Every structure is written in structure tokens, then in C-alpha cells.
$ cat coords15.cif   # mmCIF, C-alpha atoms
data_input
#
loop_
_atom_site.label_atom_id
_atom_site.label_comp_id
_atom_site.auth_asym_id
_atom_site.auth_seq_id
_atom_site.Cartn_x
_atom_site.Cartn_y
_atom_site.Cartn_z
CA MET A 231 0.00 0.00 0.00
CA ILE A 232 1.32 3.38 -1.11
CA GLN A 233 -0.46 6.52 -0.04
CA LEU A 234 -0.24 10.26 0.47
CA THR A 235 -2.91 11.49 2.85
CA ARG A 236 -4.07 14.64 4.61
CA ASP A 237 -5.71 12.56 7.36
CA PRO A 238 -4.00 11.15 10.45
CA ILE A 239 -2.11 7.93 9.63
CA ASP A 240 -3.70 4.80 11.10
CA HIS A 241 -0.42 3.01 11.79
CA ALA A 242 -2.11 0.07 13.51
CA ALA A 243 -4.10 -0.64 10.35
CA LEU A 244 -0.90 -0.56 8.26
CA THR A 245 0.81 -3.00 10.60
CA GLU A 246 -2.20 -5.32 10.37
CA LEU A 247 -2.25 -4.94 6.61
CA VAL A 248 1.27 -6.33 6.12
CA ARG A 249 0.91 -9.30 8.51
CA LYS A 250 0.85 -12.66 6.71
CA PRO A 251 0.90 -16.30 7.89
CA GLY A 252 4.22 -16.85 6.10
CA CYS A 253 5.94 -13.98 7.89
CA GLY A 254 7.43 -14.26 11.36
CA ALA A 255 8.50 -10.61 11.55
CA VAL A 256 6.88 -7.22 11.11
CA VAL A 257 8.78 -3.96 11.58
CA THR A 258 6.89 -0.67 11.62
CA PHE A 259 8.62 2.70 11.56
CA LEU A 260 6.85 5.93 12.48
CA GLY A 261 8.39 9.32 11.87
CA THR A 262 6.77 11.88 14.15
CA VAL A 263 7.00 15.63 14.62
CA ARG A 264 9.68 16.31 17.24
CA ASP A 265 9.51 19.41 19.44
CA LEU A 266 13.24 20.27 19.39
CA THR A 267 15.98 20.21 16.74
CA GLY A 268 19.13 21.20 18.57
CA ASN A 269 17.91 24.28 20.46
CA GLU A 270 15.30 25.23 17.87
CA GLU A 271 11.73 24.73 18.94
CA THR A 272 9.16 23.43 16.47
CA VAL A 273 5.44 23.89 17.08
CA ALA A 274 4.28 22.39 13.79
CA LEU A 275 5.48 21.15 10.42
CA GLU A 276 3.78 21.69 7.12
CA TYR A 277 4.31 19.04 4.45
CA GLU A 278 3.97 19.57 0.71
CA ALA A 279 4.45 17.01 -2.05
CA TYR A 280 4.65 16.70 -5.80
CA PRO A 281 1.95 14.04 -5.54
CA ALA A 282 2.21 12.21 -8.88
CA MET A 283 5.98 11.82 -8.64
CA ALA A 284 5.98 11.12 -4.89
CA GLU A 285 3.55 8.23 -5.26
CA GLN A 286 5.47 6.88 -8.23
CA MET A 287 8.75 6.97 -6.31
CA MET A 288 7.20 5.41 -3.22
CA ALA A 289 5.96 2.57 -5.45
CA THR A 290 9.49 2.22 -6.85
CA ILE A 291 10.89 1.93 -3.31
CA ALA A 292 8.35 -0.82 -2.54
CA ASP A 293 9.50 -2.63 -5.71
CA GLU A 294 13.14 -2.28 -4.64
CA LEU A 295 12.25 -3.83 -1.28
CA ARG A 296 10.61 -6.81 -2.95
CA ASP A 297 13.65 -7.26 -5.22
CA ARG A 298 16.14 -7.18 -2.35
CA TRP A 299 14.36 -8.98 0.48
CA PRO A 300 11.66 -11.68 0.75
CA VAL A 301 9.04 -9.06 1.58
CA ALA A 302 5.47 -10.34 1.87
CA GLY A 303 3.80 -7.06 2.73
CA VAL A 304 4.87 -3.44 2.56
CA ALA A 305 3.03 -0.19 3.32
CA LEU A 306 4.43 3.32 2.78
CA VAL A 307 2.24 6.23 3.81
CA HIS A 308 3.18 9.91 4.10
CA ARG A 309 0.99 12.62 5.51
CA LEU A 310 0.66 16.10 3.98
CA GLY A 311 -0.51 19.44 5.37
CA ARG A 312 0.03 20.91 8.81
CA LEU A 313 1.04 18.55 11.63
CA ASP A 314 1.42 19.38 15.30
CA VAL A 315 4.20 18.12 17.54
CA GLY A 316 3.78 14.40 18.23
CA GLU A 317 1.79 13.62 15.09
CA VAL A 318 2.89 10.89 12.68
CA SER A 319 4.21 12.25 9.38
CA VAL A 320 5.35 8.97 7.81
CA ALA A 321 4.78 5.28 8.43
CA VAL A 322 6.56 2.29 6.91
CA ALA A 323 5.47 -1.26 7.70
CA VAL A 324 7.24 -4.34 6.31
CA SER A 325 6.77 -8.07 6.89
CA THR A 326 9.26 -10.83 6.07
CA PRO A 327 9.76 -14.44 7.17
CA HIS A 328 12.77 -13.57 9.40
CA ARG A 329 13.51 -10.52 11.51
CA PRO A 330 16.87 -9.31 10.13
CA ASP A 331 15.24 -8.80 6.73
CA ALA A 332 12.29 -6.93 8.22
CA PHE A 333 14.60 -4.48 10.00
CA ALA A 334 16.85 -4.04 6.97
CA ALA A 335 13.99 -3.54 4.52
CA CYS A 336 12.10 -1.10 6.75
CA ARG A 337 15.27 0.91 7.37
CA TYR A 338 16.06 0.98 3.66
CA ALA A 339 12.56 2.16 2.80
CA ILE A 340 12.55 5.13 5.17
CA ASP A 341 16.13 6.08 4.24
CA ARG A 342 15.27 6.03 0.52
CA LEU A 343 12.01 7.86 1.08
CA LYS A 344 13.84 10.69 2.80
CA GLU A 345 16.48 10.82 0.06
CA VAL A 346 14.44 10.73 -3.11
CA VAL A 347 10.70 11.22 -2.66
CA PRO A 348 9.60 14.77 -3.58
CA ILE A 349 8.08 15.82 -0.26
CA TRP A 350 9.13 18.90 1.68
CA LYS A 351 8.52 20.22 5.15
CA LYS A 352 8.27 23.74 6.45
CA ASP A 353 9.28 24.23 10.06
CA ILE A 354 6.97 26.52 12.02
CA GLY A 355 8.47 27.99 15.20
CA PRO A 356 6.90 29.44 18.34
CA ALA A 357 7.08 33.06 17.08
CA GLY A 358 5.32 32.13 13.85
CA ASN A 359 8.68 31.99 12.06
CA GLN A 360 8.62 29.63 9.10
CA GLU A 361 11.43 27.94 7.22
CA TRP A 362 11.38 25.43 4.37
CA ILE A 363 13.81 22.58 5.01
CA HIS A 364 16.03 22.00 1.96
CA PRO A 365 19.06 20.15 3.26
CA ASP A 366 22.49 20.40 1.69
CA ALA A 367 23.54 17.21 -0.05
CA SER A 368 26.17 16.75 2.66
CA ALA A 369 23.79 17.22 5.59
CA THR A 370 22.20 14.34 7.44
CA ASN A 371 18.56 15.00 8.09
CA MET B 252 6.38 -1.26 29.99
CA ILE B 253 7.39 -4.88 30.58
CA GLN B 254 4.77 -7.57 30.47
CA LEU B 255 4.07 -11.27 30.06
CA THR B 256 0.49 -11.90 29.04
CA ARG B 257 -1.85 -14.71 28.04
CA ASP B 258 -4.07 -12.28 26.12
CA PRO B 259 -3.54 -11.06 22.54
CA ILE B 260 -0.92 -8.29 22.38
CA ASP B 261 -2.37 -4.88 21.58
CA HIS B 262 0.60 -3.69 19.53
CA ALA B 263 -1.06 -0.42 18.55
CA ALA B 264 -1.42 0.51 22.21
CA LEU B 265 2.28 -0.24 22.79
CA THR B 266 3.30 1.94 19.87
CA GLU B 267 1.12 4.75 21.21
CA LEU B 268 2.55 4.27 24.69
CA VAL B 269 6.14 4.95 23.63
CA ARG B 270 5.40 8.03 21.47
CA LYS B 271 6.71 11.27 23.02
CA PRO B 272 6.94 14.88 21.78
CA GLY B 273 10.74 14.75 22.04
CA CYS B 274 10.99 11.70 19.81
CA GLY B 275 10.97 11.81 16.04
CA ALA B 276 11.19 8.05 15.55
CA VAL B 277 9.29 4.99 16.75
CA VAL B 278 10.20 1.46 15.67
CA THR B 279 7.89 -1.42 16.55
CA PHE B 280 8.84 -5.05 16.02
CA LEU B 281 6.28 -7.86 16.03
CA GLY B 282 7.28 -11.50 16.10
CA THR B 283 4.44 -13.61 14.78
CA VAL B 284 3.76 -17.33 14.40
CA ARG B 285 4.96 -18.38 10.96
CA ASP B 286 3.36 -21.31 9.16
CA LEU B 287 6.56 -22.84 7.70
CA THR B 288 10.10 -23.37 8.99
CA GLY B 289 11.99 -24.84 6.07
CA ASN B 290 9.56 -27.57 4.97
CA GLU B 291 8.11 -28.13 8.44
CA GLU B 292 4.56 -26.94 8.91
CA THR B 293 3.50 -25.31 12.17
CA VAL B 294 -0.15 -25.06 13.15
CA ALA B 295 0.43 -23.50 16.57
CA LEU B 296 3.12 -22.64 19.10
CA GLU B 297 2.83 -23.01 22.82
CA TYR B 298 4.91 -20.60 24.92
CA GLU B 299 6.03 -21.20 28.50
CA ALA B 300 8.07 -18.88 30.73
CA TYR B 301 9.82 -18.76 34.04
CA PRO B 302 7.81 -15.63 34.79
CA ALA B 303 9.73 -14.00 37.64
CA MET B 304 13.07 -14.30 35.87
CA ALA B 305 11.66 -13.47 32.43
CA GLU B 306 10.18 -10.19 33.65
CA GLN B 307 13.36 -9.32 35.51
CA MET B 308 15.49 -9.95 32.42
CA MET B 309 13.12 -8.01 30.18
CA ALA B 310 13.45 -5.08 32.59
CA THR B 311 17.24 -5.46 32.42
CA ILE B 312 17.09 -5.30 28.62
CA ALA B 313 15.02 -2.10 28.84
CA ASP B 314 17.67 -0.65 31.19
CA GLU B 315 20.43 -1.61 28.75
CA LEU B 316 18.53 0.18 25.99
CA ARG B 317 18.31 3.36 28.06
CA ASP B 318 22.03 3.15 28.85
CA ARG B 319 23.07 2.73 25.23
CA TRP B 320 20.65 4.95 23.30
CA PRO B 321 18.61 8.09 24.07
CA VAL B 322 15.46 6.03 24.49
CA ALA B 323 12.38 7.94 25.62
CA GLY B 324 9.93 5.06 25.66
CA VAL B 325 10.29 1.30 25.51
CA ALA B 326 7.74 -1.51 25.69
CA LEU B 327 8.56 -5.23 25.74
CA VAL B 328 5.65 -7.66 25.84
CA HIS B 329 5.70 -11.42 25.32
CA ARG B 330 2.67 -13.63 25.07
CA LEU B 331 2.36 -17.05 26.74
CA GLY B 332 0.14 -20.04 26.09
CA ARG B 333 -1.05 -21.47 22.79
CA LEU B 334 -0.87 -19.22 19.70
CA ASP B 335 -2.19 -19.98 16.25
CA VAL B 336 -0.38 -19.15 13.00
CA GLY B 337 -0.36 -15.40 12.40
CA GLU B 338 -0.73 -14.38 16.04
CA VAL B 339 1.75 -12.00 17.67
CA SER B 340 4.04 -13.70 20.19
CA VAL B 341 6.30 -10.76 21.01
CA ALA B 342 6.20 -7.00 20.54
CA VAL B 343 8.97 -4.45 21.07
CA ALA B 344 8.33 -0.73 20.66
CA VAL B 345 11.04 1.91 21.09
CA SER B 346 11.07 5.68 20.61
CA THR B 347 14.15 7.90 20.23
CA PRO B 348 14.81 11.41 18.89
CA HIS B 349 16.41 10.08 15.65
CA ARG B 350 15.65 7.04 13.55
CA PRO B 351 19.00 5.18 13.47
CA ASP B 352 18.85 4.84 17.26
CA ALA B 353 15.25 3.61 17.18
CA PHE B 354 16.13 0.85 14.71
CA ALA B 355 19.32 -0.12 16.58
CA ALA B 356 17.66 -0.17 19.98
CA CYS B 357 14.62 -2.14 18.82
CA ARG B 358 16.82 -4.68 17.06
CA TYR B 359 19.04 -5.03 20.11
CA ALA B 360 16.03 -5.57 22.37
CA ILE B 361 14.52 -8.41 20.33
CA ASP B 362 17.92 -10.04 19.75
CA ARG B 363 18.70 -9.98 23.49
CA LEU B 364 15.21 -11.16 24.38
CA LYS B 365 15.62 -14.21 22.17
CA GLU B 366 19.09 -14.92 23.59
CA VAL B 367 18.58 -14.59 27.33
CA VAL B 368 14.95 -14.35 28.46
CA PRO B 369 13.70 -17.67 29.89
CA ILE B 370 10.78 -18.29 27.55
CA TRP B 371 10.36 -21.43 25.47
CA LYS B 372 8.16 -22.49 22.61
CA LYS B 373 6.77 -25.86 21.68
CA ASP B 374 6.10 -26.38 17.99
CA ILE B 375 2.80 -28.12 17.24
CA GLY B 376 2.57 -29.70 13.80
CA PRO B 377 -0.38 -30.73 11.63
CA ALA B 378 -0.33 -34.37 12.85
CA GLY B 379 -0.44 -33.26 16.48
CA ASN B 380 3.33 -33.81 16.72
CA GLN B 381 4.92 -31.59 19.35
CA GLU B 382 8.51 -30.51 19.84
CA TRP B 383 10.08 -28.16 22.35
CA ILE B 384 12.51 -25.78 20.67
CA HIS B 385 15.84 -25.75 22.51
CA PRO B 386 18.36 -24.41 19.99
CA ASP B 387 22.02 -25.32 20.03
CA ALA B 388 24.24 -22.45 21.08
CA SER B 389 25.57 -22.34 17.53
CA ALA B 390 22.15 -22.28 15.83
CA THR B 391 20.52 -19.10 14.66
CA ASN B 392 16.87 -19.04 15.58
CA MET C 98 7.73 25.92 -27.76
CA ILE C 99 6.09 26.82 -24.44
CA LEU C 100 6.96 24.67 -21.42
CA GLN C 101 5.04 24.64 -18.16
CA VAL C 102 7.28 24.13 -15.13
CA GLN C 103 5.85 23.07 -11.77
CA LEU C 104 7.36 24.66 -8.65
CA PHE C 105 7.36 23.46 -5.05
CA ALA C 106 8.24 24.47 -1.50
CA ARG C 107 10.75 27.34 -1.20
CA VAL C 108 11.26 27.56 -4.96
CA ARG C 109 7.51 28.09 -5.31
CA GLU C 110 7.53 30.78 -2.63
CA LEU C 111 10.58 32.59 -4.02
CA ILE C 112 9.05 32.67 -7.52
CA GLY C 113 5.58 33.36 -6.18
CA ASP C 114 3.69 30.84 -8.24
CA GLU C 115 3.03 27.09 -8.41
CA CYS C 116 3.88 27.00 -12.06
CA CYS C 117 5.64 29.14 -14.68
CA SER C 118 5.80 29.16 -18.47
CA LEU C 119 9.06 29.26 -20.38
CA GLU C 120 9.38 29.94 -24.10
CA LEU C 121 12.29 27.84 -25.34
CA SER C 122 13.53 26.72 -28.74
CA THR C 123 12.96 23.14 -29.90
CA GLY C 124 15.74 20.82 -28.74
CA SER C 125 16.16 22.60 -25.41
CA THR C 126 17.42 20.55 -22.50
CA VAL C 127 17.06 20.44 -18.74
CA ALA C 128 20.16 22.67 -18.61
CA THR C 129 18.35 25.25 -20.76
CA ILE C 130 15.43 25.22 -18.34
CA ARG C 131 17.73 25.75 -15.38
CA SER C 132 19.46 28.75 -16.93
CA ALA C 133 16.18 30.29 -18.17
CA LEU C 134 14.68 30.03 -14.70
CA GLY C 135 17.83 31.37 -13.05
CA SER C 136 17.90 34.40 -15.35
CA ARG C 137 14.24 35.22 -14.94
CA TYR C 138 14.12 34.61 -11.14
CA PRO C 139 17.53 35.58 -9.72
CA GLN C 140 16.09 35.37 -6.18
CA ALA C 141 15.67 31.59 -6.72
CA LYS C 142 18.87 30.99 -8.68
CA ASP C 143 20.96 29.52 -5.83
CA LEU C 144 18.24 27.15 -4.69
CA ILE C 145 17.49 26.06 -8.27
CA ALA C 146 21.20 25.28 -8.66
CA ARG C 147 20.84 22.91 -5.68
CA SER C 148 17.60 21.46 -7.05
CA ALA C 149 16.90 18.52 -9.31
CA VAL C 150 14.64 18.69 -12.36
CA ALA C 151 12.05 16.00 -13.01
CA VAL C 152 10.73 15.13 -16.45
CA ASN C 153 7.58 13.02 -16.45
CA CYS C 154 7.99 12.24 -12.75
CA GLU C 155 11.58 11.01 -13.08
CA PHE C 156 14.80 12.77 -12.16
CA ALA C 157 16.46 14.00 -15.36
CA ALA C 158 20.07 14.76 -16.26
CA ASN C 159 21.04 18.21 -17.60
CA GLU C 160 21.53 16.75 -21.10
CA ARG C 161 17.96 15.47 -21.29
CA VAL C 162 16.11 17.01 -24.26
CA VAL C 163 12.58 18.15 -23.40
CA ASP C 164 9.43 18.61 -25.41
CA ASP C 165 6.27 20.60 -24.76
CA VAL C 166 4.31 17.42 -23.96
CA ASP C 167 6.68 16.62 -21.09
CA GLU C 168 5.68 17.25 -17.49
CA ILE C 169 8.49 19.33 -15.98
CA ALA C 170 9.10 20.15 -12.31
CA VAL C 171 11.83 21.72 -10.21
CA ILE C 172 12.58 19.49 -7.20
CA PRO C 173 14.43 21.38 -4.45
CA PRO C 174 16.28 19.19 -1.91
CA VAL C 175 13.65 16.95 -0.36
CA SER C 176 12.87 16.74 3.35
CA GLY C 177 10.02 14.28 3.80
CA GLY C 178 9.79 12.07 6.85
CA GLY C 179 9.72 12.83 10.55
CA ARG C 180 11.70 15.47 12.34
CA MET D 218 19.94 -29.15 53.16
CA ILE D 219 16.96 -29.61 50.85
CA LEU D 220 16.88 -27.56 47.65
CA GLN D 221 13.83 -27.06 45.46
CA VAL D 222 14.69 -26.85 41.75
CA GLN D 223 12.20 -25.46 39.24
CA LEU D 224 11.98 -27.15 35.85
CA PHE D 225 10.71 -25.86 32.50
CA ALA D 226 9.86 -26.88 28.95
CA ARG D 227 11.45 -30.13 27.77
CA VAL D 228 13.42 -30.59 31.00
CA ARG D 229 10.12 -30.44 32.89
CA GLU D 230 8.54 -32.97 30.55
CA LEU D 231 11.52 -35.37 30.65
CA ILE D 232 11.58 -35.29 34.45
CA GLY D 233 7.80 -35.30 34.68
CA ASP D 234 7.42 -32.54 37.26
CA GLU D 235 7.58 -28.74 37.51
CA CYS D 236 9.88 -28.96 40.48
CA CYS D 237 12.11 -31.45 42.22
CA SER D 238 13.80 -31.64 45.62
CA LEU D 239 17.50 -32.43 46.05
CA GLU D 240 19.19 -33.26 49.33
CA LEU D 241 22.68 -31.78 49.17
CA SER D 242 25.39 -31.01 51.70
CA THR D 243 26.03 -27.45 52.86
CA GLY D 244 28.44 -25.64 50.55
CA SER D 245 27.09 -27.34 47.43
CA THR D 246 27.42 -25.45 44.15
CA VAL D 247 25.57 -25.15 40.87
CA ALA D 248 27.87 -27.91 39.57
CA THR D 249 26.69 -30.18 42.40
CA ILE D 250 23.08 -29.55 41.39
CA ARG D 251 23.82 -30.38 37.76
CA SER D 252 25.47 -33.69 38.59
CA ALA D 253 22.77 -34.64 41.13
CA LEU D 254 20.03 -33.98 38.57
CA GLY D 255 21.93 -35.80 35.82
CA SER D 256 22.39 -38.90 38.03
CA ARG D 257 18.80 -39.01 39.19
CA TYR D 258 17.26 -38.26 35.78
CA PRO D 259 19.53 -39.80 33.12
CA GLN D 260 16.83 -39.18 30.48
CA ALA D 261 17.36 -35.41 30.98
CA LYS D 262 21.13 -35.46 31.41
CA ASP D 263 22.10 -34.30 27.91
CA LEU D 264 19.62 -31.44 27.88
CA ILE D 265 20.63 -30.37 31.41
CA ALA D 266 24.24 -30.27 30.21
CA ARG D 267 23.12 -27.80 27.53
CA SER D 268 21.05 -25.81 30.04
CA ALA D 269 21.89 -22.89 32.27
CA VAL D 270 21.10 -22.76 35.97
CA ALA D 271 19.55 -19.68 37.53
CA VAL D 272 19.95 -18.72 41.17
CA ASN D 273 17.51 -16.06 42.37
CA CYS D 274 16.50 -15.22 38.79
CA GLU D 275 20.07 -14.69 37.55
CA PHE D 276 22.24 -16.98 35.48
CA ALA D 277 24.79 -18.60 37.78
CA ALA D 278 28.25 -20.04 37.14
CA ASN D 279 29.05 -23.65 38.11
CA GLU D 280 31.20 -22.45 41.03
CA ARG D 281 28.32 -20.54 42.62
CA VAL D 282 27.61 -21.82 46.14
CA VAL D 283 23.91 -22.25 46.87
CA ASP D 284 21.83 -22.20 49.99
CA ASP D 285 18.39 -23.55 50.80
CA VAL D 286 16.88 -20.05 50.75
CA ASP D 287 17.95 -19.59 47.10
CA GLU D 288 15.46 -19.90 44.26
CA ILE D 289 16.99 -22.41 41.84
CA ALA D 290 15.86 -23.18 38.28
CA VAL D 291 17.15 -25.14 35.31
CA ILE D 292 16.98 -22.98 32.15
CA PRO D 293 17.16 -25.08 28.98
CA PRO D 294 18.18 -23.15 25.82
CA VAL D 295 15.59 -20.43 25.39
CA SER D 296 13.41 -19.94 22.33
CA GLY D 297 11.13 -16.99 22.99
CA GLY D 298 10.09 -14.66 20.20
CA GLY D 299 8.35 -15.25 16.91
CA ARG D 300 8.82 -18.15 14.57
#
$ encode --input "coords15.cif" --output "C-alpha cells"
Amino acid sequence: MIQLTRDPIDHAALTELVRKPGCGAVVTFLGTVRDLTGNEETVALEYEAYPAMAEQMMATIADELRDRWPVAGVALVHRLGRLDVGEVSVAVAVSTPHRPDAFAACRYAIDRLKEVVPIWKKDIGPAGNQEWIHPDASATN
Amino acid sequence: MIQLTRDPIDHAALTELVRKPGCGAVVTFLGTVRDLTGNEETVALEYEAYPAMAEQMMATIADELRDRWPVAGVALVHRLGRLDVGEVSVAVAVSTPHRPDAFAACRYAIDRLKEVVPIWKKDIGPAGNQEWIHPDASATN
Amino acid sequence: MILQVQLFARVRELIGDECCSLELSTGSTVATIRSALGSRYPQAKDLIARSAVAVNCEFAANERVVDDVDEIAVIPPVSGGGR
Amino acid sequence: MILQVQLFARVRELIGDECCSLELSTGSTVATIRSALGSRYPQAKDLIARSAVAVNCEFAANERVVDDVDEIAVIPPVSGGGR
């Protein structure tokens, strides 16, 4: 399942969706809105996407997962719009027969998603200050 | 949260439990009952524990996580009794500020749990055949 | 030919529109698009230099020749995921 | 002194009880317990040799001296988690 959504992400449903009788392991990653980055306070994030390309690249990542690991189920969902601190912005759920593959595939999916999928966030601070996040190629995000 | 339970594991509640405003990453691992191990078919697993020691060692693992990573929330729950194929036998949920730590800590927790916590499973096959699983030290499980 | 270019995030805000039209000669490439945008919108030039360009929803090299049926977008450095 | 030893999983089934009593002399160790169990229950000897022994809910070395107030358990190789 690949989805961009403006509604809260139902991560429990995604985890259920990828569970299969042939799979002994499910790993679910949630990226949430953190209140502090260094000393900078965030009160909300606003996410924007290039939807057609984002969904296409998320589907490509799911295909890469299936090529590289014995993945039975995979779900990649990203939320768009304004999110408050603590809300879930992205969820990745993966099931495989054995646990090392589930961890590796889930980690790969979120790493790739953050590298290549055309989605951007704007950081909104306590004084109403706003800043689009466009990391340098060298920066870790 | 550390728990042994005979009831189905509410993994969504565990994931919610570990979410914190200071944490940008949550990783949840579910170990489920797989139908095949090699060519051997499993119809159910029966889990037994030495409860006092198992809970103490699960608490020790949670302490190790907090020592090694900036863990804000951790939940380790293992189910006991008879489980059918597809049911969740173990759940580990961990939250940290950044995602590499959440993956590393969650992986460490389930690896340690399988190595040292006194819980055992009996494999129940389609012909009613039953076998306790007591792996050799050299075997990967 | 007239190309429509989709704009996102800070590039969109610096240019002040979700989309802009460029009149380019046939045989133009992604590199032509970059320099046309940079000349017309100097305020966005540095960020465009750090951005990718997508043609038909795929990242495209500077040498890629474009046509007016192609879907073109400027993709500034992405930042999806949690924070 | 009389020690109560808790038994689990296949060790429990081979011995046929969740618990057994051993009469040992004062100053006995984990190694003494192992050899007493192995002699009394030869059917479980090999698995006990592959098992750990816990004293008061902690894994204990063979040299560990035990007392009749200690909580003793045989811990065959563990297999918790999914499958």
C-alpha cells in the first residue's frame, strides 16, 4: 500500500495490513514531529508534495524492497498538510519471514524515502517563524 | 512497559505508549507465528516462561537500551500459552529522537530477548506432533 | 515551444507561483530550463542550482532534451519524513 | 539441606514434574546440582548439560555456592520470540 494522505495515519491498520501467515517478523517505523531540533523549537510542520511523482517513487521503493528482500507485505504512507508536535508524518510497515530482513527492509525504505521522494517540510516555530527545510547534499537530516 | 500476558498483544497501544513529543522516531517489532520453517509446517506454538526471571530480564534489557541509546519510551511484551499461526508472540516498541537509534535499539532488544529471556516455545505440527525448541548455542533461531 | 514548469516548496515561494511558463527553442534541455529560470528569477537561482529537475515524474540529467508534452518540475532538496 | 529446583519446557517434561527436591550437603554449588540432577534423571542429562542454571532469577556459574533459601531453576536453551 502506497499513499499520500491529509488525514492522520492509522499506523495500527498498516501493521495489520502487512501481517501474513508466512511472515514471522513485522517492523513498523513511524516518523513523528519532534519538538526540538538542537535548540530550535518546532510547534508544527507543514508538508507539501509533488503528488504524482511522490507516489510513483514510493511505489518504486516498494518494488526495490521486494527485489532485495523476501518481503510479503509493505506499506508506505506519508501525511501532507500541517502537523502538530507528536503527530505521525510517515509510516513504513514491512513483513518478512525472518527478523533481520524486516529491520533491513524497513530501514532501507525510510532512508530512501527521505532521500528521493519529492516531499518537503516547512518548520513553524513558536514566534510564527517559518522555514522550508532544503538540506544540503552533505547534511544528514 | 514490561509484560508477560496470556491475552492477545495490543501492539497499537504499545506503539502509542512509547510516542513522546521529544521523539521523532518509533520502531515497533512484532514477532508472529509463521506457518513454515523450512519444509516443516507449524499449526500452533505453545509458549512457556519462568515468569519471575523473564520479567526481571526483560526489565534489564530495557535498562540496557536506556544506557546505550537516548530512548524515551520502551515496551517489551511477550505472550504465553497457545498461539495460532499469524498471532503475535512478542512485541517491542522503542522511541528515540532520531531514527538510526530507534532501529538499533529495537533490534538489540529483540535479539537480546531471544538470547537470554527464559521463555520457550513448543512447535505443534499438523499431525499433532509436538517438539520443544531448545536451539544449540551455535544455531541461529 | 512553451513549457510549463511546476514549482514546489521554497522555490515556489521565491518565484511566487506554483507554475511558470518558459518559451524555449525546440531541442532545449534540462540545462536550458535551469538557466532560463535562473535568469528570470535571480532570487531563486541559488536554490534552483541545488535542485533537481524532473521530467515526467523522473529525475532527469542536464543533457535530457525536453518537449512541450513533457511534465516538468523543479525538485528542491527533499525533506520528507519525521523530524 | 533440601533444595527445590524449578523445571521448565522439555526438562520439565523429561523429568515429569515442575519442580524437584534435592538433598545436598552445605556448601554445594551449581555444579553439584547439575550432577545430582543428571544422576537421578539420566533421560534429561544431555539437555541439562546444555542448560543454564539460575539462582535467584540470575544466570549462575558452576562455582556458585547455593543455599536452601535460594530460588533455583534449570533454564534449557531459550526460544522466545516469533517463529
$ resolve_selection --input "coords15.cif" --expression "the PyMOL selection byres ((chain C) within 12 of (chain B))" --output "ChimeraX atom specification"
/C:178-180
$ resolve_selection --input "coords15.cif" --expression "the PyMOL selection byres ((chain A) within 8 of (chain B))" --output "PyMOL selection string"
chain A and resi 241-242+249-266+315-316+327+329+333+337
$ resolve_selection --input "coords15.cif" --expression "the PyMOL selection byres ((chain C and resi 173) around 10)" --output "NGL selection string"
(:A and (348-350 or 363-365)) or (:C and (104-109 or 144-150 or 170-172 or 174-176))
$ atom_distance --input "coords15.cif" --atom1 "CA of Lys373 in chain B" --atom2 "CA of Ile289 in chain D"
22.9 Å
$ atom_distance --input "coords15.cif" --atom1 "CA of Leu268 in chain B" --atom2 "CA of Ala326 in chain B"
7.8 Å
